[in-house]
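So the structure is just underneath, and the comments pick up after that.
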Amino acid sequence: MRFMPQTDADIAAMLKTIGAADLDALVAHVPESLRARAAINLAPGRGEAEVAAQLGALAAMNGAAAGYSSFLGAGYYRHYVPAAVRAITARAEFATSYTPYQAEASQGTTQAIFEFQTLITQLTAMEVANASMYDGASAAAEAVLMARRVMPKRRVVAISRALWPDYRATIRTYLSALGEIEIVEAPFDDLTGAIDLSALAAIAGDKMLCAVLGYPNSFGVIEPIRAAAEIVHRADAIMITATAEGLALGLLKPPGELGADIVVGEGQSFGLALQFGGPGLGFMAARADHVRQMPGRLVGQTCDRDGRRAFCLTLSTREQHIRRERATSNICTNHSLCALAAAVYLSQMGRRGLRELAERNVELAHQAAEALAARGIKRRFNGPFFNEFTAAIPRPAAALEAAERRRILAGTALAPDYPEISDGLLIAVTEMNHDAEIDALARTLAEAAAGSVEAR
Amino acid sequence: MATAGKISGVSPIRKDHDSRELAARDTATLPIGTPLIFELSSDGRAGADLAPRTKGARSGAEILGPELCRDDLPGFPELSEPQVMRHFLCLSQLNFAQALQFYPLGSCTMKYNPVINDEIAALPGFANLHPLTPPHLAQGALELMARLEAALAEITGMDAISLHPAAGAQGELTGLLCARAFFNKRRETRHKVIIPDTAHGTNPASCRLAGYEVVVAHSNDRDFIEASEVRRLVDNDTAAMMVTNPNTLGIFEPQIAEIAAALHDKGALLYMDGANLNALMGVAKPGHMGADIVQLNLHKTFSTPHGGGGPGAGPIGVTRVLEPFLPVPRLKNTAAGWTLDHARPDSIGRMRSFHGNFGMLLRAYAYILALGGDGLANASRLAILGANYVRKRLEAHFPAASAEPSMHECVLEHDLEKRSGVTTLEIAKRLLDFGVHPPTIYFPLIVHGALMIEPTETETKEVLDAFVAVMERIYTEALSDPELVKTAPHSLTLSRVDEAQAARHPILRWQPK
């Protein structure tokens, strides 16, 4: 077998050294009743060409390969991935190393993570960021758990109903086993699509632990974080923001300037392929005085015995391998290679490039919204938006089908997650969408709304 | 027999120095190491070119207005593309990695990661597939996931597999929450989970998150758990016991079936931590041992790259009665093909967005296809061969911590601390000088100064022989010249990193001067 190098002579020599008759003798101590039934009934192994052909055939079955124009977003965004990102993350020195326990042998990984942590603090205007989490949704759940460690006596968690449904569901699961937590959904304003601040104020009392808002939210609307944070802080509670479209932080006011105490989000937009939704890149940033309650790995700067700058994992007394059941989280690894991709991506885009790209996304999304409006399809909410907005269209499911017949994936219907919004279609527009696609989208949705799309 | 020397390729910057000569040099003249990306930045440089925008159109900042927009990204890097490439390529040269070095990190299964799998992951049909693509346009991905579920069920002997969890630790929590939901459904409230004293730290941490109190089961003097110990601890308040098998000493738990029976007698569940599945393929199936829940680490047994600490993937397998509680969505086979089923009232819900770490799942599936059933069984046997070979070859100076037979890894001890004051950490650092990534050290906690060695099946006998020679040489050095070992490493770009200082004075980000 091509991955296993042992020749018959090697095996014989090794068995002789050990004093075993054959390979089966090495597992003879495993109960016979288990061994007798352990054979794996799968097809025989295949050569590389066959593996490539079989998986290539599966890849070709997916629509992504077949020339659809796409306006799918809703938490995962189509952005161009520069070749440099792939070239660096493909390096075996990064890809086939592990958690940098041995600092002297891991300066590549630890320095890259230190740079990633710094980039995230710059984007969020927070003081400290960890080495990454699994994805935005689990990072949001970990943020609520972290808030609970900061304020163990509080028990009301306010979650905006306009926070991404996956994020809300994940928070609920993570909290499901912990008693004395009450989750309250804060409603949105049906006109703006932003959080109903008076409703939030009604929830904000002396039992309130934290509030979690999307930034932008699950309708694409840019939430009034500053006003929400003032309400949350009047109750001495913790303000958490969750950003699924990381690119938005390249242009929008950073949550740290608006009063956020914990900032989480998804960094997939920073150089990660879509890959059907994973692996993603959760990020988490916080104020320095909460660092000991943070979950996940942290890399710190130090020096070696000769005084040279060095980097290593640090503050690990928070972590499971030291503290066991008293750890801040059960998380072991981060999504290190994804954090590396983000570090390369953000470094290459740079201070001006990231902002320009974010602006380009805003421009194109507004161009699309205007093109739809010109054909009579209005926005469902009038709150400001970044690169994603909710169109008001009757029977969105039918409109999606009609668009698909013209090889357009027009977006995501809100109704499955928001039964109260029967006419909402969430449309994301990025730098990957060009003018002709946007025109075709507007034309097709207008015709669908009028009930006149024919198959081509 | 191989002589002690560098075991594998040496990158150009790792030059051998005579250690004492190095120590004698004026530290002020030493190179300062790789600058941070921020220190290479220069105002006005750019690494990305966007297409020019339409003339006269309003800019994004104008559209949103100054209230919503930030002023700047202070301190953010400004570099050209070649600078970015060189910087990160230089960083890559500072890493040890499985592809470059022998990396016998115990319990982590650092086996070869087939490069074809990375090419497959980059195919546009996978790489560009949005997770909310309508299922009828994502049949290839869903079919792959279904086939992987079926293969993992066959390998583990479990009834149902969920590919949802992002990592082994998240798989643990998912499994425990399924157990909790199972008892809730039966209107039973149980508070305790039993965990052996050899367990990995994630087990108790996951229990805590799942709302359970931890009860510690003690290994016997042969380093395994006896069913009698479980019978002593288990009662009607026990939800489950988490057992890693083989355990963290690399020993197959011989009484696992009796342990399962003892738990089941009291209505409790057996959770098997599958971190060490690389020992078990074709040897014994968790489902046959009586496991009700098992989590798998695809980045270990199924060869997906470890990535410097993730991303991994941590699917779980369960028995039929626990299947309704698995996270949503679940794959569902319908007349119209594969769909994603969200309408599952007993499900614990979501642990994350979307459908799992698909990019890792497809690599694991490609690996399983490449090896086939017999190949996987062979991989486990050859992994066990390597661990027992290293154990036997090293037994004179690094005896095994347990007399029981080793499976895919061995845990060794030594007497150097007593004889010359050289610690396990210092041995580990000295190994770096010979181009070997150290084993896992000081784990399991019940073995003083443990060295946990997992060679994996993808290493040659020549590499194992060279490793043995290096270990023997370090043993000799530790007695004849302990300072040489205590001050290691000597041949890397850095000497010993001061981890205590990092924790005492945390510097967690770069800031402009």
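Going by the structure tokens order, chains are called A, B, ..., each with residues numbered from 1, while ligands are numbered from 1 in the order shown.
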So that I can see what lies close to Gln83 in chain B, please list as a PDB file with N, CA and C atoms, in the first residue's frame the residues with an atom at most 9 Å from it, counting only C-alpha atoms and leaving out residues fewer than 5 positions away in the same chain.
ATOM      1  N   GLN A 348      -2.443  40.636   2.668  1.00  0.00           N
ATOM      2  CA  GLN A 348      -2.357  40.967   1.250  1.00  0.00           C
ATOM      3  C   GLN A 348      -3.354  42.071   0.873  1.00  0.00           C
TER       4      GLN A 348
ATOM      5  N   LEU B  40       6.912  45.091   8.616  1.00  0.00           N
ATOM      6  CA  LEU B  40       7.353  45.153   7.219  1.00  0.00           C
ATOM      7  C   LEU B  40       6.517  46.141   6.422  1.00  0.00           C
ATOM      8  N   GLY B  47      -1.156  45.021  -1.749  1.00  0.00           N
ATOM      9  CA  GLY B  47      -0.980  43.660  -2.263  1.00  0.00           C
ATOM     10  C   GLY B  47      -2.163  43.183  -3.064  1.00  0.00           C
ATOM     11  N   PHE B  88       5.402  34.821   4.802  1.00  0.00           N
ATOM     12  CA  PHE B  88       4.788  33.587   5.305  1.00  0.00           C
ATOM     13  C   PHE B  88       5.590  32.347   4.908  1.00  0.00           C
TER      14      PHE B  88
END
Given only C-alpha atoms, how would the per-residue table for range 241-291 of chain A near range 198-216 of chain A read, listing every residue at most 10 Å away with its closest atom pair and distance in Å to one decimal, sorted by chain and number, as JSON lines?
{"residue": "A:Thr241", "atom": "CA", "partner": "A:Leu213", "partner_atom": "CA", "distance": 5.0}
{"residue": "A:Ala242", "atom": "CA", "partner": "A:Gly214", "partner_atom": "CA", "distance": 4.7}
{"residue": "A:Thr243", "atom": "CA", "partner": "A:Tyr215", "partner_atom": "CA", "distance": 4.9}
{"residue": "A:Ala244", "atom": "CA", "partner": "A:Tyr215", "partner_atom": "CA", "distance": 7.6}
{"residue": "A:Glu245", "atom": "CA", "partner": "A:Pro216", "partner_atom": "CA", "distance": 7.6}
{"residue": "A:Gly246", "atom": "CA", "partner": "A:Tyr215", "partner_atom": "CA", "distance": 9.5}
{"residue": "A:Ala248", "atom": "CA", "partner": "A:Pro216", "partner_atom": "CA", "distance": 7.8}
{"residue": "A:Leu249", "atom": "CA", "partner": "A:Tyr215", "partner_atom": "CA", "distance": 9.1}
{"residue": "A:Leu252", "atom": "CA", "partner": "A:Tyr215", "partner_atom": "CA", "distance": 9.2}
{"residue": "A:Pro254", "atom": "CA", "partner": "A:Tyr215", "partner_atom": "CA", "distance": 9.8}
{"residue": "A:Pro255", "atom": "CA", "partner": "A:Tyr215", "partner_atom": "CA", "distance": 8.4}
{"residue": "A:Ala260", "atom": "CA", "partner": "A:Val212", "partner_atom": "CA", "distance": 9.8}
{"residue": "A:Asp261", "atom": "CA", "partner": "A:Cys210", "partner_atom": "CA", "distance": 9.6}
{"residue": "A:Ile262", "atom": "CA", "partner": "A:Val212", "partner_atom": "CA", "distance": 9.4}
{"residue": "A:Val263", "atom": "CA", "partner": "A:Val212", "partner_atom": "CA", "distance": 9.6}
{"residue": "A:Val264", "atom": "CA", "partner": "A:Gly214", "partner_atom": "CA", "distance": 9.6}
{"residue": "A:Gly265", "atom": "CA", "partner": "A:Gly214", "partner_atom": "CA", "distance": 9.0}
Just want the 8 Å neighbourhood of Leu382 in chain B, counted on only C-alpha atoms, with same-chain residues fewer than 5 positions away dropped. Output as a list in words.
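Near neighbours after the sequence-gap exclusion: Leu23 of chain A; Thr456 and Glu457 of chain B.
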Contacts of Met4 in chain A at 8 Å (only C-alpha atoms; same-chain gap of 5+ positions) as a PyMOL selection string:
chain B and resi 379+457-460
Okay, now the selection with C-alpha atoms, as a PDB file, in the first residue's frame?
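out.pdb written:
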ATOM      1  CA  ALA B 379      -2.857   0.258   8.842  1.00  0.00           C
ATOM      2  CA  GLU B 457       2.097   3.138  10.255  1.00  0.00           C
ATOM      3  CA  THR B 458       3.489   5.553   7.671  1.00  0.00           C
ATOM      4  CA  GLU B 459       7.054   5.653   9.036  1.00  0.00           C
ATOM      5  CA  THR B 460       9.819   3.383   7.793  1.00  0.00           C
TER       6      THR B 460
END
Could you list, as a list in words, every residue within 10 Å of range 336-342 of chain B, counting only C-alpha atoms and ignoring same-chain residues fewer than 5 positions away?
Pro134, Pro135, His136, Ala138, Gln139, Gly140, Ala141, Leu142, Glu143, Met145, Ala146, Pro327, Val328, Pro329, Arg330, Leu331, Ser347, Gly349, Arg350 and His355 of chain B
Take the residues that were just selected and, keeping C-alpha atoms, output them as a PDB file, in the first residue's frame.
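Result written to selection.pdb:
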ATOM      1  CA  PRO B 134     -30.447  23.769  -2.991  1.00  0.00           C
ATOM      2  CA  PRO B 135     -29.893  20.076  -2.179  1.00  0.00           C
ATOM      3  CA  HIS B 136     -30.732  18.920  -5.700  1.00  0.00           C
ATOM      4  CA  ALA B 138     -25.474  19.528  -4.176  1.00  0.00           C
ATOM      5  CA  GLN B 139     -26.122  15.822  -4.659  1.00  0.00           C
ATOM      6  CA  GLY B 140     -22.450  15.015  -5.116  1.00  0.00           C
ATOM      7  CA  ALA B 141     -21.559  16.494  -1.724  1.00  0.00           C
ATOM      8  CA  LEU B 142     -24.520  14.900   0.027  1.00  0.00           C
ATOM      9  CA  GLU B 143     -23.813  11.530  -1.599  1.00  0.00           C
ATOM     10  CA  MET B 145     -21.389  12.509   3.145  1.00  0.00           C
ATOM     11  CA  ALA B 146     -23.805   9.569   3.022  1.00  0.00           C
ATOM     12  CA  PRO B 327     -27.735  17.171  15.780  1.00  0.00           C
ATOM     13  CA  VAL B 328     -29.634  18.681  12.868  1.00  0.00           C
ATOM     14  CA  PRO B 329     -29.628  18.593   9.957  1.00  0.00           C
ATOM     15  CA  ARG B 330     -29.562  14.851   9.187  1.00  0.00           C
ATOM     16  CA  LEU B 331     -29.087  13.386   5.744  1.00  0.00           C
ATOM     17  CA  SER B 347     -32.622  16.390  18.201  1.00  0.00           C
ATOM     18  CA  GLY B 349     -30.176  20.986  17.852  1.00  0.00           C
ATOM     19  CA  ARG B 350     -27.110  22.524  16.299  1.00  0.00           C
ATOM     20  CA  HIS B 355     -23.406  20.571   7.809  1.00  0.00           C
TER      21      HIS B 355
END
Determine, counting only C-alpha atoms, which protein, DNA and RNA residues have an atom within 12 Å of an atom of Ala20 in chain A; residues of the same chain fewer than 5 positions away are not included. Present the result as an NGL selection string.
(:A and (11-15 or 25-28)) or (:B and (384-385 or 388-389 or 392 or 405))
What residues in range 309-503 of chain B get the DSSP label helix (DSSP H, G or I)? Please answer as a PyMOL selection string.
chain B and resi 320-325+358-393+416-420+424-433+461-480+482-486+499-503
Nearest residue to chain A out of B:His448, B:Arg430, B:His87, B:Arg509, using only C-alpha atoms?
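The closest residue to chain A is B:Arg509.
Counting from CA of Thr248 in chain B, the distance to CA of Pro444 in chain B is 6.1 Å.
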Can you work out the spacing between CA of Leu479 in chain B and CA of Val422 in chain B in Å, to one decimal?
8.6 Å
Can you measure CA of Thr314 in chain A to CA of Ile195 in chain B for me? One decimal in Å is fine.
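According to the coordinates, CA of Thr314 in chain A and CA of Ile195 in chain B are separated by 27.1 Å.
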Nearest to chain A, chosen from B:Asn276, B:Gln295, B:Asn333, B:Ser303, with only C-alpha atoms counted in the distances:
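Smallest distance to chain A is found for B:Ser303.
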Can you pull out the residues contacting range 414-417 of chain B? Cut-off 9 Å, using only C-alpha atoms, and skip same-chain residues under 6 positions away; I want them as a compact mmCIF listing (two decimals) with N, CA and C atoms, in the first residue's frame.
# COMPACT_ATOMS: atom_id res chain seq x y z
N HIS B 397 16.71 1.66 28.50
CA HIS B 397 16.84 2.94 29.18
C HIS B 397 15.53 3.71 29.32
N PHE B 398 14.57 3.34 28.48
CA PHE B 398 13.26 3.99 28.54
C PHE B 398 12.18 2.92 28.64
N PRO B 399 12.07 2.30 29.81
CA PRO B 399 11.13 1.18 29.92
C PRO B 399 9.68 1.64 29.84
N ALA B 400 8.83 0.73 29.37
CA ALA B 400 7.41 1.05 29.28
C ALA B 400 6.84 1.26 30.67
N THR B 423 15.24 16.32 32.93
CA THR B 423 13.80 16.05 32.94
C THR B 423 13.30 15.62 31.56
N THR B 424 12.08 15.16 31.57
CA THR B 424 11.44 14.76 30.32
C THR B 424 11.35 15.93 29.35
N GLY B 449 6.72 11.83 34.49
CA GLY B 449 7.68 12.12 33.41
C GLY B 449 7.43 11.35 32.14
N ALA B 450 6.17 11.10 31.83
CA ALA B 450 5.83 10.22 30.71
C ALA B 450 6.32 10.76 29.36
N LEU B 451 6.74 9.81 28.51
CA LEU B 451 7.00 10.07 27.09
C LEU B 451 6.03 9.18 26.32
N TYR B 475 20.23 9.68 26.07
CA TYR B 475 20.37 9.06 27.39
C TYR B 475 21.84 9.13 27.85
N ALA B 478 22.86 12.66 28.66
CA ALA B 478 22.27 13.13 29.92
C ALA B 478 23.13 12.72 31.11
N LEU B 479 23.82 11.59 30.96
CA LEU B 479 24.69 11.15 32.05
C LEU B 479 26.08 11.77 31.96
Hey, which of B:Glu472, B:Glu413, B:Glu426, B:Glu81 ends up closest to chain A? Count only C-alpha atoms.
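The answer is B:Glu81, which sits nearest to chain A.
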Best match for closeness to chain A among B:Leu79, B:Leu249, B:Val294, B:Ala261, counting only C-alpha atoms:
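Using only C-alpha atoms, the shortest distance to chain A belongs to B:Leu79.
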Just list the residues in range 211-376 of chain B DSSP gives strand (DSSP E or B) on the backbone, as a JSON list (two decimals) with C-alpha atoms, in the first residue's frame.
[["chain", "number", "residue", "atom", "x", "y", "z"],
["B", 213, "GLU", "CA", -20.45, 15.95, 37.67],
["B", 214, "VAL", "CA", -17.30, 13.95, 37.18],
["B", 215, "VAL", "CA", -16.61, 10.81, 39.19],
["B", 216, "VAL", "CA", -13.09, 9.47, 38.81],
["B", 217, "ALA", "CA", -12.52, 5.76, 38.26],
["B", 238, "THR", "CA", -24.89, 7.74, 36.53],
["B", 239, "ALA", "CA", -25.58, 8.89, 32.98],
["B", 240, "ALA", "CA", -22.50, 7.47, 31.35],
["B", 241, "MET", "CA", -18.88, 6.48, 31.59],
["B", 242, "MET", "CA", -16.33, 7.88, 29.15],
["B", 243, "VAL", "CA", -13.68, 5.33, 28.26],
["B", 244, "THR", "CA", -10.80, 5.92, 25.88],
["B", 269, "LEU", "CA", -24.38, 4.52, 28.73],
["B", 270, "LEU", "CA", -20.86, 3.73, 27.56],
["B", 271, "TYR", "CA", -19.27, 6.68, 25.81],
["B", 272, "MET", "CA", -16.16, 5.60, 23.98],
["B", 273, "ASP", "CA", -13.57, 8.27, 23.20],
["B", 274, "GLY", "CA", -12.36, 7.21, 19.76],
["B", 293, "ILE", "CA", -21.66, 6.67, 21.68],
["B", 294, "VAL", "CA", -18.23, 7.09, 20.10],
["B", 295, "GLN", "CA", -16.51, 10.16, 18.70],
["B", 296, "LEU", "CA", -13.96, 9.91, 15.91],
["B", 316, "ILE", "CA", -19.93, 10.73, 16.38],
["B", 317, "GLY", "CA", -21.44, 7.28, 16.08],
["B", 318, "VAL", "CA", -24.39, 6.13, 18.18],
["B", 330, "ARG", "CA", -29.56, 14.85, 9.19],
["B", 331, "LEU", "CA", -29.09, 13.39, 5.74],
["B", 332, "LYS", "CA", -32.29, 11.88, 4.42],
["B", 333, "ASN", "CA", -32.72, 9.69, 1.37],
["B", 334, "THR", "CA", -35.85, 10.57, -0.60],
["B", 337, "GLY", "CA", -32.30, 12.18, -3.87],
["B", 338, "TRP", "CA", -30.48, 13.29, -0.71],
["B", 339, "THR", "CA", -31.99, 16.07, 1.35],
["B", 340, "LEU", "CA", -31.17, 17.68, 4.68],
["B", 341, "ASP", "CA", -33.77, 16.97, 7.33]]
Closest of B:Pro74, B:Pro315, B:Pro52, B:Gly375 to Gly47 in chain A - atom-to-atom distances counting only C-alpha atoms:
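Smallest separation from Gly47 in chain A among the options: B:Gly375.
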